[in-house]
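Trainee: Got my_file32.cif for you, mmCIF, C-alpha atoms:
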```
data_entry
loop_
_atom_site.label_atom_id
_atom_site.label_comp_id
_atom_site.auth_asym_id
_atom_site.auth_seq_id
_atom_site.Cartn_x
_atom_site.Cartn_y
_atom_site.Cartn_z
CA MET A 237 95.60 72.88 166.35
CA ILE A 238 93.88 74.19 163.25
CA GLY A 239 94.55 72.48 159.95
CA ARG A 240 97.49 70.20 159.41
CA GLN A 241 100.92 70.56 160.93
CA LYS A 242 104.14 68.78 160.03
CA ASN A 243 106.36 67.37 162.78
CA VAL A 244 109.71 65.57 162.98
CA PHE A 245 110.03 62.50 165.19
CA GLU A 246 113.21 60.62 166.02
CA ASN A 247 112.00 57.95 168.39
CA HIS A 248 111.39 55.30 165.73
CA TYR A 249 113.97 52.58 165.55
CA LYS A 250 114.61 50.16 162.77
CA LYS A 251 117.04 47.34 163.63
CA GLY A 252 118.11 49.21 166.76
CA VAL A 253 119.13 52.37 164.86
CA PRO A 254 117.22 55.63 165.49
CA ARG A 255 115.63 57.13 162.39
CA LEU A 256 113.96 60.47 161.62
CA TYR A 257 110.51 60.69 160.10
CA LEU A 258 108.39 63.61 158.93
CA TYR A 259 104.81 63.29 160.18
CA GLU A 260 101.68 65.28 159.49
CA SER A 261 99.38 65.86 162.49
CA TYR A 262 95.69 66.63 162.05
CA TYR A 263 92.27 66.07 163.57
CA LYS A 264 90.00 63.37 162.21
CA ASN A 265 86.59 62.70 163.77
CA GLY A 266 87.51 64.92 166.71
CA LYS A 267 90.70 62.97 167.54
CA SER A 268 94.30 63.95 166.92
CA THR A 269 95.98 61.63 164.45
CA GLN A 270 99.22 61.50 162.50
CA HIS A 271 100.51 59.91 159.37
CA CYS A 272 104.03 59.52 158.06
CA ILE A 273 104.86 61.81 155.15
CA GLU A 274 108.48 60.92 154.63
CA SER A 275 111.30 58.83 156.09
CA LEU A 276 114.28 61.17 156.47
CA GLY A 277 116.88 58.48 157.16
CA ARG A 278 119.08 57.11 159.89
CA LEU A 279 119.99 59.60 162.60
CA ASP A 280 123.68 58.59 162.66
CA GLU A 281 123.98 59.20 158.89
CA LEU A 282 122.09 62.51 159.08
CA LYS A 283 124.46 63.71 161.85
CA LYS A 284 127.32 63.39 159.34
CA GLN A 285 125.51 65.82 156.97
CA PHE A 286 123.97 68.23 159.53
CA ASP A 287 125.21 69.56 162.87
CA ASP A 288 121.77 69.14 164.43
CA PRO A 289 119.52 67.15 162.05
CA VAL A 290 116.47 67.28 164.34
CA SER A 291 116.50 71.11 164.49
CA TYR A 292 117.23 71.33 160.78
CA PHE A 293 114.30 69.13 159.81
CA LYS A 294 112.00 70.84 162.32
CA LYS A 295 112.67 74.09 160.44
CA ILE A 296 111.95 72.29 157.14
CA ALA A 297 108.68 70.96 158.62
CA GLU A 298 107.67 74.46 159.75
CA GLN A 299 108.45 75.86 156.28
CA ARG A 300 106.34 73.18 154.60
CA THR A 301 103.46 73.86 157.00
CA GLU A 302 103.63 77.60 156.22
CA GLU A 303 103.81 76.91 152.47
CA LYS A 304 100.74 74.70 152.68
CA LYS A 305 98.85 77.37 154.66
CA ALA A 306 99.85 80.02 152.11
CA ALA A 307 98.69 77.79 149.24
CA ARG A 308 95.22 77.53 150.83
CA LYS A 309 94.75 81.28 150.91
CA ALA A 310 92.94 82.90 148.03
CA SER A 311 92.76 86.47 146.86
CA VAL A 312 89.90 88.07 145.02
CA THR A 313 90.58 90.92 142.64
CA ILE A 314 87.73 93.27 141.89
CA ASP A 315 87.95 95.83 139.11
CA LEU A 316 86.33 98.84 140.72
CA GLY A 317 86.19 100.62 137.38
CA SER A 318 83.95 98.02 135.76
CA SER A 319 80.20 98.01 136.12
CA MET A 320 77.71 95.19 136.54
CA ASP A 321 74.08 94.97 135.63
CA ARG A 322 71.91 94.96 138.78
CA SER A 323 70.18 91.80 137.57
CA GLU A 324 73.42 89.77 137.56
CA ASP A 325 73.57 87.06 140.20
CA SER A 326 77.32 87.56 140.59
CA LEU A 327 76.65 90.95 142.20
CA LYS A 328 74.72 89.22 144.97
CA ASN A 329 77.27 86.44 145.29
CA VAL A 330 80.21 88.80 145.77
CA GLY A 331 78.53 90.27 148.82
CA TYR A 332 77.43 86.84 149.97
CA ALA A 333 81.01 85.58 150.31
CA VAL A 334 81.98 88.48 152.56
CA LEU A 335 78.84 88.17 154.68
CA LYS A 336 79.28 84.43 155.08
CA GLU A 337 82.79 84.91 156.45
CA LEU A 338 81.60 87.54 158.95
CA TYR A 339 78.66 85.32 159.90
CA LYS A 340 81.03 82.43 160.68
CA GLN A 341 83.43 84.67 162.63
CA LEU A 342 80.54 85.85 164.80
CA GLU A 343 79.59 82.16 165.27
CA LEU A 344 75.95 82.87 164.51
CA ASP A 345 75.67 79.51 162.79
CA GLN A 346 76.74 77.73 165.98
CA PHE A 347 74.43 79.88 168.10
CA TRP A 348 71.31 79.00 166.09
CA LYS A 349 72.28 75.33 165.78
CA GLY A 350 72.61 75.24 169.57
CA ILE A 351 69.17 76.81 169.97
CA LEU A 352 67.72 74.33 167.47
CA LYS A 353 68.99 71.40 169.58
CA LYS A 354 66.96 72.69 172.54
CA THR A 355 63.72 72.70 170.56
CA SER A 356 61.57 70.20 168.70
CA ILE A 357 61.70 72.22 165.47
CA GLN A 358 62.21 70.06 162.39
CA TYR A 359 63.23 72.76 159.89
CA ASP A 360 66.64 74.46 159.57
CA LEU A 361 66.35 77.51 161.82
CA GLU A 362 69.94 78.61 161.16
CA ALA A 363 69.44 78.54 157.37
CA ILE A 364 66.34 80.73 157.69
CA PHE A 365 68.20 83.25 159.85
CA ARG A 366 71.16 83.29 157.43
CA LEU A 367 68.87 83.77 154.42
CA LEU A 368 66.96 86.62 156.05
CA VAL A 369 70.10 88.44 157.23
CA PHE A 370 72.04 88.08 153.97
CA SER A 371 69.06 88.99 151.83
CA ARG A 372 68.19 91.99 154.00
CA ILE A 373 71.71 93.36 153.48
CA LEU A 374 72.23 92.46 149.81
CA TYR A 375 68.74 92.94 148.36
CA PRO A 376 66.10 94.03 150.85
CA ALA A 377 62.71 92.58 150.03
CA SER A 378 59.68 91.10 151.72
CA LYS A 379 59.94 87.74 153.45
CA LEU A 380 57.96 86.24 150.57
CA ASP A 381 60.30 87.63 147.89
CA THR A 382 63.34 86.62 149.95
CA PHE A 383 62.04 83.07 150.18
CA HIS A 384 61.34 82.86 146.44
CA ASN A 385 64.80 84.26 145.56
CA LYS A 386 66.77 81.99 147.91
CA GLY A 387 68.30 80.10 144.96
CA ILE A 388 70.49 83.00 143.82
CA TYR A 389 73.37 82.24 146.20
CA PHE A 390 76.38 80.01 145.64
CA GLU A 391 75.16 77.42 148.09
CA ASP A 392 71.69 76.01 148.49
CA ILE A 393 69.91 77.68 151.39
CA GLY A 394 67.03 75.31 151.87
CA GLY A 395 65.52 72.75 154.16
CA PHE A 396 62.45 74.81 155.03
CA ALA A 397 59.14 76.03 153.64
CA LEU A 398 57.67 79.54 153.53
CA ASN A 399 55.46 78.91 156.57
CA ASN A 400 58.64 77.91 158.49
CA VAL A 401 60.09 81.35 157.74
CA TYR A 402 57.10 83.05 159.34
CA LYS A 403 57.14 80.68 162.35
CA ALA A 404 60.87 81.30 162.86
CA LEU A 405 60.30 85.05 163.19
CA ASP A 406 58.60 84.51 166.56
CA LEU A 407 61.54 82.45 167.78
CA PHE A 408 64.04 85.05 166.56
CA ASP A 409 62.09 87.70 168.45
CA ARG A 410 62.09 85.61 171.62
CA TYR A 411 65.89 85.18 171.53
CA ASP A 412 66.42 88.83 170.63
CA GLU A 413 64.81 89.74 173.94
CA VAL A 414 66.87 87.16 175.88
CA TYR A 415 70.25 88.10 174.39
#
```
Spit out the file's structure as structure tokens when you get a sec.
Mentor:
Amino acid sequence: MIGRQKNVFENHYKKGVPRLYLYESYYKNGKSTQHCIESLGRLDELKKQFDDPVSYFKKIAEQRTEEKKAARKASVTIDLGSSMDRSEDSLKNVGYAVLKELYKQLELDQFWKGILKKTSIQYDLEAIFRLLVFSRILYPASKLDTFHNKGIYFEDIGGFALNNVYKALDLFDRYDEVY
């Protein structure tokens, strides 16, 4: 399950009377957990108002889940008729957001973090790879210039020195041949 999902449960009893509750299910620290969002009332009283209260409130829970998912989505509007100065950082950052999403979808971050676990390297190999790839696409430059301009992105790409960038190139080459 990705994100949070709302569920209806009827197996809770209070003074021997079944009640309906709306719960939210989610993962916390790798384990599935739930917490009560709302007490919907006694089942016998809800049956007087609804033909099938469990089905009715399951639909309500699904609607709320979809509304919450829709609220998390964001749209970016770009005026294609406007122009930007090439020295503006926002030009680089627009491309960065798109590249970061593709990078995550390809699971390159997980790949390099997995490789890093198998080595004794102390610097952030994945961050170096990400910096080199994004910079090569957005503003091609030498490794030295790329390293010195790493602060132009929305997030801090750091945790390594210039000599680590050059050392990482050998490792990238080794895994290029393997995969």
Trainee: So which one's closest to Leu368 of chain A, A:Leu338, A:Gly350, A:Glu281, A:Val401? Using all atoms listed in the file, please.
Mentor: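 Counting all atoms listed in the file, the residue closest to Leu368 of chain A is A:Val401.
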Trainee: Rank nothing, just name the residue among A:Val253, A:Ala404, A:Ile388, A:Ile393 nearest to Thr355 of chain A, using all atoms listed in the file.
Mentor: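 Looking only at the distances to Thr355 of chain A, the closest residue turns out to be A:Ala404.
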Trainee: Could you jot down the atom CA of Leu342 of chain A to atom CA of Ser371 of chain A separation for me, Å, one decimal place?
Mentor: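 Result for atom CA of Leu342 of chain A versus atom CA of Ser371 of chain A: 17.6 Å, one decimal.
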Trainee: Have a look at A:Gly252, A:Lys264, A:Glu298, A:Lys304 and name the one nearest to Leu279 of chain A; count all atoms listed in the file.
Mentor: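 Smallest separation from Leu279 of chain A among the options: A:Gly252.
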Trainee: Quote the spacing between atom CA of Tyr359 of chain A and atom CA of Asn385 of chain A in Å to one decimal place.
Mentor: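 Going from atom CA of Tyr359 of chain A over to atom CA of Asn385 of chain A covers 18.4 Å.
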Trainee: Find the residues with any atom within 8 Å of (114.5, 61.8, 156.4); use all atoms listed in the file and the coordinates as given in the file, and write the answer as a list in words.
Mentor: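 Residues found, by chain and rising number: Arg255, Leu256, Tyr257, Leu258, Glu274, Ser275, Leu276, Gly277 and Arg278 of chain A.
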Trainee: Can you measure atom CA of Leu335 of chain A to atom CA of Asp392 of chain A for me? One decimal in Å is fine.
Mentor: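 About the pair atom CA of Leu335 of chain A and atom CA of Asp392 of chain A: they are 15.4 Å apart.
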Trainee: Residues near Tyr339 of chain A, anyone? I mean within 12 Å using only C-alpha atoms, not counting same-chain ones fewer than 5 positions away, as JSON, numbers by chain.
Mentor: {"A": [332, 333, 334, 344, 345, 346, 347, 348, 362, 363, 365, 366, 367, 369, 370]}
Trainee: Nearest to Ile273 of chain A: which of A:Phe383, A:Phe293, A:Tyr259, A:Phe408 is it, counting only C-alpha atoms?
Mentor: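 Residue with the minimum atom-to-atom distance to Ile273 of chain A: A:Tyr259.
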Trainee: So that I can see what lies close to Leu407 of chain A, please list as a list in words the residues with an atom at most 12 Å from it, counting all atoms listed in the file and leaving out residues fewer than 2 positions away in the same chain.
Mentor: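 Listed by chain and then number, they are Trp348, Ile351, Leu352, Thr355, Ile357, Leu361, Glu362, Ile364, Phe365, Asn400, Val401, Tyr402, Lys403, Ala404, Leu405, Asp409, Arg410, Tyr411, Asp412, Glu413 and Val414 of chain A.
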Trainee: Using the chain letters and numbering of this document, enumerate as a PyMOL selection string the residues selected by the PyMOL selection byres ((chain A and resi 271) around 8).
Mentor: chain A and resi 259-261+269-270+272-273
Trainee: Which of these residues is nearest to Leu398 of chain A, using only C-alpha atoms: A:Pro376, A:Lys349, A:Ser268, A:Asp360?
Mentor: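 Nearest candidate to Leu398 of chain A out of A:Pro376, A:Lys349, A:Ser268, A:Asp360: A:Asp360.
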